[in-house]
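Visitor: Here you go, protein_29.txt (compact mmCIF, C-alpha atoms):
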# COMPACT_ATOMS: atom_id res chain seq x y z
CA MET A 1 86.08 78.57 42.60
CA SER A 2 88.82 76.11 43.53
CA VAL A 3 88.96 74.27 46.83
CA ALA A 4 92.12 76.19 47.73
CA GLY A 5 90.31 79.49 47.16
CA VAL A 6 87.41 78.45 49.36
CA SER A 7 89.74 77.28 52.14
CA THR A 8 91.67 80.57 52.00
CA GLN A 9 88.48 82.59 52.28
CA ALA A 10 87.34 80.46 55.18
CA LEU A 11 90.70 80.95 56.91
CA VAL A 12 90.54 84.72 56.49
CA LEU A 13 86.95 84.80 57.74
CA ALA A 14 87.83 82.69 60.77
CA ALA A 15 90.79 84.94 61.53
CA ALA A 16 88.61 88.05 61.27
CA LEU A 17 85.99 86.55 63.58
CA TRP A 18 88.67 85.62 66.08
CA GLY A 19 90.05 89.15 65.92
CA ALA A 20 86.63 90.70 66.42
CA ALA A 21 85.91 88.48 69.43
CA ALA A 22 89.32 89.10 70.99
CA GLY A 23 89.18 92.84 70.31
CA ALA A 24 85.77 93.11 71.95
CA LEU A 25 87.35 91.91 75.20
CA LEU A 26 90.09 94.56 75.27
CA PRO A 27 88.32 97.78 76.45
CA ARG A 28 88.42 96.98 80.16
CA ALA A 29 92.11 96.13 80.03
CA ALA A 30 92.81 99.29 78.03
CA TYR A 31 91.05 101.36 80.68
CA ARG A 32 92.83 99.71 83.60
CA PHE A 33 96.27 99.98 82.01
CA ALA A 34 95.84 103.55 80.75
CA VAL A 35 97.30 105.40 83.74
CA PRO A 36 100.34 107.72 83.83
CA ALA A 37 103.73 106.25 84.64
CA GLY A 38 104.25 105.55 88.32
CA GLU A 39 100.56 105.14 89.13
CA PRO A 40 98.98 101.76 89.97
CA TRP A 41 96.65 100.14 87.49
CA ARG A 42 93.06 101.30 87.83
CA GLU A 43 90.86 99.26 90.11
CA ARG A 44 87.73 101.47 90.09
CA CYS A 45 85.63 103.32 87.55
CA ALA A 46 85.28 107.11 87.57
CA GLN A 47 82.39 106.84 90.07
CA GLY A 48 84.36 104.64 92.46
CA HIS A 49 82.86 101.24 91.68
CA PRO A 50 85.35 98.35 91.73
CA ILE A 51 86.32 96.88 88.38
CA ARG A 52 86.40 93.09 88.30
CA GLY A 53 88.67 91.29 85.88
CA TRP A 54 90.71 92.52 82.94
CA LEU A 55 88.67 91.45 79.95
CA GLY A 56 85.22 92.60 79.03
CA ARG A 57 82.95 95.47 78.11
CA ALA A 58 83.90 99.11 78.30
CA ARG A 59 81.11 100.15 80.65
CA CYS A 60 80.59 99.98 84.39
CA GLY A 61 77.76 97.66 85.43
CA PRO A 62 76.87 99.43 88.70
CA CYS A 63 76.82 102.82 86.93
CA ALA A 64 74.49 101.42 84.30
CA GLN A 65 72.20 99.96 87.00
CA GLU A 66 72.08 103.30 88.78
CA ALA A 67 71.18 104.99 85.51
CA VAL A 68 68.35 102.53 84.92
CA ARG A 69 66.99 103.09 88.45
CA GLU A 70 67.15 106.85 88.00
CA GLN A 71 65.33 106.66 84.70
CA GLY A 72 62.67 104.45 86.25
CA ALA A 73 62.25 106.84 89.16
CA THR A 74 61.93 109.77 86.77
CA ARG A 75 59.21 108.03 84.79
CA THR A 76 57.18 107.27 87.92
CA GLY A 77 57.62 110.78 89.30
CA VAL A 78 59.70 109.64 92.27
CA LYS A 79 62.69 111.78 93.12
CA ALA A 80 65.83 109.69 93.14
CA ARG A 81 68.00 110.12 96.18
CA ALA A 82 70.71 108.24 98.12
CA ARG A 83 73.08 106.46 95.77
CA VAL A 84 71.53 107.66 92.51
CA THR A 85 73.09 110.91 91.29
CA VAL A 86 72.61 113.09 88.25
CA ARG A 87 76.01 111.96 87.00
CA ALA A 88 75.03 108.30 86.81
CA PRO A 89 73.60 108.36 83.25
CA GLU A 90 76.67 110.18 81.95
CA ALA A 91 78.98 107.78 83.76
CA ALA A 92 77.11 104.82 82.35
CA LYS A 93 77.41 106.20 78.84
CA ALA A 94 81.08 107.09 79.14
CA PRO A 95 83.27 104.22 77.90
CA TYR A 96 86.36 103.19 79.81
CA SER A 97 88.56 103.44 76.74
CA PRO A 98 88.36 103.38 72.93
CA SER A 99 84.99 101.89 72.06
CA THR A 100 84.47 98.17 71.86
CA ALA A 101 83.59 98.49 68.19
CA LEU A 102 86.82 100.34 67.40
CA LEU A 103 89.05 97.78 69.12
CA ALA A 104 87.09 94.85 67.66
CA VAL A 105 87.30 96.21 64.11
CA ALA A 106 91.00 97.06 64.43
CA THR A 107 91.85 93.58 65.73
CA ALA A 108 89.64 91.87 63.16
CA LEU A 109 91.30 93.73 60.28
CA ALA A 110 94.77 92.97 61.64
CA CYS A 111 94.01 89.26 62.00
CA ALA A 112 92.42 89.05 58.56
CA ALA A 113 95.45 90.72 56.97
CA LEU A 114 97.77 88.31 58.77
CA ALA A 115 95.75 85.35 57.48
CA VAL A 116 95.92 86.65 53.91
CA ALA A 117 99.69 87.14 54.11
CA THR A 118 100.59 83.98 56.03
CA GLY A 119 98.14 81.48 54.60
CA THR A 120 97.91 78.09 56.24
CA ARG A 121 101.43 78.04 57.65
CA PRO A 122 101.50 77.16 61.35
CA GLU A 123 103.04 80.48 62.48
CA LEU A 124 99.70 82.12 61.67
CA GLY A 125 98.43 80.81 65.00
CA VAL A 126 101.18 82.75 66.79
CA TRP A 127 100.37 85.97 64.94
CA LEU A 128 96.67 85.63 65.75
CA LEU A 129 97.42 85.18 69.44
CA LEU A 130 99.77 88.16 69.56
CA ALA A 131 97.73 90.59 67.43
CA PRO A 132 95.20 91.49 70.18
CA VAL A 133 98.10 92.36 72.49
CA TRP A 134 99.57 94.64 69.83
CA VAL A 135 96.25 96.45 69.49
CA LEU A 136 95.92 96.78 73.26
CA LEU A 137 99.44 98.17 73.62
CA ALA A 138 98.84 100.72 70.88
CA ALA A 139 95.56 101.82 72.48
CA VAL A 140 97.17 102.32 75.89
CA ASP A 141 100.23 104.13 74.54
CA VAL A 142 98.08 106.54 72.54
CA ARG A 143 96.16 107.50 75.67
CA VAL A 144 98.91 107.86 78.28
CA GLN A 145 102.25 107.36 76.47
CA ARG A 146 102.97 104.26 78.52
CA LEU A 147 103.67 100.66 77.56
CA PRO A 148 102.85 98.42 80.55
CA ASP A 149 105.49 95.92 81.62
CA PRO A 150 102.86 93.17 82.18
CA LEU A 151 102.24 93.34 78.42
CA THR A 152 105.61 94.13 76.84
CA LEU A 153 107.84 91.72 78.74
CA PRO A 154 105.60 88.62 78.42
CA LEU A 155 105.04 89.52 74.77
CA ALA A 156 108.66 88.82 73.88
CA ALA A 157 108.76 85.61 75.91
CA ALA A 158 105.45 84.39 74.50
CA GLY A 159 106.48 85.16 70.93
CA LEU A 160 109.75 83.27 71.20
CA GLY A 161 108.17 80.40 73.11
CA LEU A 162 105.32 79.94 70.65
CA LEU A 163 107.62 80.20 67.65
CA ALA A 164 109.82 77.51 69.20
CA LEU A 165 106.78 75.22 69.16
CA VAL A 166 106.05 76.16 65.55
CA THR A 167 109.49 74.89 64.52
CA LEU A 168 108.29 71.40 65.47
CA MET A 169 105.50 71.61 62.88
CA PRO A 170 105.84 71.00 59.15
CA GLU A 171 105.60 73.76 56.53
CA HIS A 172 106.66 76.65 58.74
CA ALA A 173 108.56 79.34 56.87
CA GLY A 174 110.79 80.94 59.49
CA ASP A 175 113.85 80.39 61.63
CA TRP A 176 113.74 80.48 65.43
CA LEU A 177 117.37 81.42 65.97
CA THR A 178 116.96 84.42 63.68
CA ALA A 179 113.87 85.37 65.67
CA LEU A 180 115.93 85.26 68.87
CA TYR A 181 118.73 87.29 67.31
CA GLY A 182 116.18 89.70 65.89
CA ALA A 183 114.71 90.28 69.35
CA LEU A 184 118.14 90.96 70.80
CA ALA A 185 119.18 93.16 67.89
CA LEU A 186 116.06 95.34 67.83
CA GLY A 187 115.88 95.52 71.61
CA GLY A 188 119.57 96.40 71.76
CA GLY A 189 119.19 99.06 69.09
CA TYR A 190 116.32 100.72 70.94
CA LEU A 191 118.30 100.49 74.17
CA VAL A 192 121.13 102.46 72.57
CA LEU A 193 118.65 105.10 71.41
CA PHE A 194 117.20 105.28 74.92
CA LEU A 195 120.62 105.71 76.51
CA VAL A 196 121.61 108.39 73.99
CA ASN A 197 118.35 110.33 74.28
CA PRO A 198 116.14 109.22 77.21
CA SER A 199 113.71 112.07 76.63
CA GLY A 200 113.08 110.98 73.06
CA MET A 201 112.74 107.22 73.58
CA GLY A 202 110.95 105.56 76.48
CA PHE A 203 112.22 102.40 78.12
CA GLY A 204 108.85 100.82 77.40
CA ASP A 205 109.68 101.09 73.70
CA VAL A 206 112.90 99.15 74.37
CA LYS A 207 110.97 96.30 75.98
CA LEU A 208 108.34 96.33 73.23
CA ALA A 209 111.12 96.16 70.62
CA LEU A 210 112.20 92.79 72.00
CA GLY A 211 108.85 91.23 71.13
CA MET A 212 108.50 92.93 67.77
CA GLY A 213 112.07 92.02 66.87
CA ALA A 214 111.25 88.37 67.49
CA VAL A 215 108.30 88.26 65.10
CA LEU A 216 110.17 90.22 62.43
CA GLY A 217 113.30 88.14 62.82
CA TRP A 218 111.31 84.97 62.23
CA TYR A 219 111.23 85.80 58.51
CA GLY A 220 114.84 86.96 58.34
CA TRP A 221 117.00 90.06 58.56
CA PRO A 222 115.49 91.85 55.53
CA THR A 223 112.07 91.67 57.18
CA LEU A 224 113.52 92.96 60.44
CA LEU A 225 115.16 95.92 58.69
CA LEU A 226 112.01 96.67 56.70
CA GLY A 227 109.76 96.63 59.77
CA THR A 228 112.20 98.77 61.74
CA PHE A 229 112.51 101.34 58.98
CA ALA A 230 108.73 101.45 58.50
CA GLY A 231 108.19 102.21 62.19
CA PHE A 232 110.60 105.14 62.19
CA LEU A 233 109.20 106.42 58.90
CA LEU A 234 105.62 106.38 60.17
CA GLY A 235 106.64 108.09 63.40
CA ALA A 236 108.58 110.77 61.49
CA LEU A 237 105.68 111.41 59.13
CA TYR A 238 103.25 111.77 62.01
CA GLY A 239 105.55 114.07 63.97
CA GLY A 240 106.22 116.16 60.88
CA ALA A 241 102.52 116.48 60.19
CA LEU A 242 101.93 117.72 63.74
CA VAL A 243 104.69 120.31 63.38
CA VAL A 244 103.34 121.52 60.03
CA ALA A 245 99.86 121.78 61.52
CA ARG A 246 101.36 123.67 64.48
CA ARG A 247 99.94 121.18 66.92
CA ALA A 248 103.36 120.24 68.24
CA GLY A 249 106.94 121.47 68.37
CA ARG A 250 110.14 119.67 67.50
CA LYS A 251 110.62 118.66 71.12
CA THR A 252 107.03 117.54 71.71
CA ALA A 253 106.88 113.94 72.95
CA ILE A 254 104.66 111.57 70.99
CA PRO A 255 103.81 107.94 71.78
CA PHE A 256 106.13 105.87 69.61
CA GLY A 257 104.73 102.45 70.52
CA PRO A 258 101.91 102.54 67.94
CA PHE A 259 104.39 103.37 65.17
CA LEU A 260 106.78 100.65 66.30
CA ILE A 261 103.90 98.20 66.19
CA ALA A 262 102.51 99.49 62.88
CA GLY A 263 105.92 99.35 61.22
CA ALA A 264 106.58 95.85 62.52
CA PHE A 265 103.11 94.79 61.40
CA ALA A 266 103.76 96.08 57.88
CA GLY A 267 107.12 94.32 57.77
CA LEU A 268 105.56 91.13 59.07
CA LEU A 269 102.88 91.16 56.39
CA ILE A 270 105.44 91.61 53.63
CA GLY A 271 107.78 89.03 55.13
CA ALA A 272 104.99 86.49 55.54
CA TYR A 273 103.68 87.05 52.03
CA ALA A 274 107.13 86.72 50.50
CA ALA A 275 108.14 83.65 52.52
Please express the file's structure as structure tokens.

Guide:
Amino acid sequence: MSVAGVSTQALVLAAALWGAAAGALLPRAAYRFAVPAGEPWRERCAQGHPIRGWLGRARCGPCAQEAVREQGATRTGVKARARVTVRAPEAAKAPYSPSTALLAVATALACAALAVATGTRPELGVWLLLAPVWVLLAAVDVRVQRLPDPLTLPLAAAGLGLLALVTLMPEHAGDWLTALYGALALGGGYLVLFLVNPSGMGFGDVKLALGMGAVLGWYGWPTLLLGTFAGFLLGALYGGALVVARRAGRKTAIPFGPFLIAGAFAGLLIGAYAA
């Protein structure tokens, strides 16, 4: 095997390991952000224990400790009272959000695919930093049909800012001005759809479109159009499947953020590979 082949495999492996590590830290944030629109972000678990930080495991430490004490009391024949309740073991077993393994695998696969498509070009670093945020946004939107502003708005700024730094490095394959125009174009297009049909398009999708337009625009207008079309196609196929299965009607609202992200991801892979 050639040296180039070995280095490519090492790059893909490193990207996958990064994705797995980053994805394993997402469950707590997914749980805290997954609240209906208008409600504050979660600060306590289902049993009322405070949640510290935004990154980490998907289980509540105090609930797990209570479960361990209850199990120990049961084994010694002592009846557990006071703070230990029969619900503690179930609470300790119940994850905050999609399992750690699911988020870690999803992020690892996304990062590995980005490494395969992008190769050693410097913009790969930007994609690897943004990919965990894409996975987190999709996980939250699936659960509560909400795209949090603390994620969507900084996503666009971070993408453009990081890509501006990439332009200072050799061997990059994109154009920053096109990325900026792509963000404005896709964000503006989604804004028009929101104004025309607010019940069919959330304003969170408009803000998410800014960030996804930036990464797609980096590789040019064809990539932007491809990623945009792919997102709408995936959303239409999913909605049609629900209607055929009689699990939804034509006016049933579905979270569009995951399809926007998936379409942009597909366009980004093709754009990066072809660049």

Visitor: Using all atoms listed in the file, pick whichever of A:Leu225, A:Ala131, A:Ala113, A:Ala214 has the shortest atom-to-atom distance to Gly161 of chain A.

Guide: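 The shortest atom-to-atom distance to Gly161 of chain A comes from A:Ala214.
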
Visitor: Once you count all atoms listed in the file, which residues end up no further than 8 Å from (110.4, 91.9, 61.9) in the file's frame, shown as JSON, numbers by chain?

Guide: {"A": [182, 212, 213, 214, 215, 216, 217, 218, 219, 220, 221, 223, 224, 225, 226, 227, 228, 264, 265, 267, 268, 271]}

Visitor: To one decimal place in Å, what is the distance between atom CA of Gln9 of chain A and atom CA of Thr118 of chain A?

Guide: 12.8 Å

Visitor: Hey, which of A:Leu102, A:Ala262, A:Leu160, A:Leu114 ends up closest to Asp175 of chain A? Count all atoms listed in the file.

Guide: A:Leu160

Visitor: For a quick check of understanding, using only C-alpha atoms, which of A:Gly200, A:Gly19, A:Pro222, A:Gly187 has the smallest distance to Val133 of chain A?

Guide: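 Going through A:Gly200, A:Gly19, A:Pro222, A:Gly187 one by one, the smallest distance to Val133 of chain A is for A:Gly19.
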
Visitor: Give the answer as one residue: which of A:Val244, A:Arg121, A:Val12, A:Leu103 has the shortest atom-to-atom distance to Met169 of chain A, using only C-alpha atoms?

Guide: A:Arg121

Visitor: Could you produce a table of the residues of segment 89-152 of chain A lying within 7 Å of segment 32-56 of chain A, with the nearest pair of atoms per residue and their separation in Å rounded to one decimal, using all atoms listed in the file, ordered by chain and increasing residue number, as a Markdown table?

Guide:
| residue | atom | partner | partner_atom | distance |
| --- | --- | --- | --- | --- |
| A:Val140 | CA | A:Ala34 | CA | 5.2 |
| A:Arg143 | CA | A:Ala34 | CA | 6.4 |
| A:Val144 | CA | A:Pro36 | CA | 5.7 |
| A:Arg146 | CA | A:Ala37 | CA | 6.5 |
| A:Pro148 | CA | A:Phe33 | CA | 6.9 |

Visitor: Would you mind reading off the distance between atom CA of Leu186 of chain A and atom CA of Gly204 of chain A, one decimal, in Å?

Guide: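 If I compute the distance from atom CA of Leu186 of chain A to atom CA of Gly204 of chain A, I get 13.2 Å.
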
Visitor: Between A:Leu136, A:Ala274, A:Leu177, A:Ala230, single out the one closest to Ala106 of chain A, counting all atoms listed in the file.

Guide: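 Closest candidate: A:Leu136.
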
Visitor: Would you please work out which residue, of A:Gly263, A:Gly23, A:Pro154, A:Gly189, is nearest to Thr107 of chain A when using all atoms listed in the file?

Guide: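 Nearest to Thr107 of chain A: A:Gly23.
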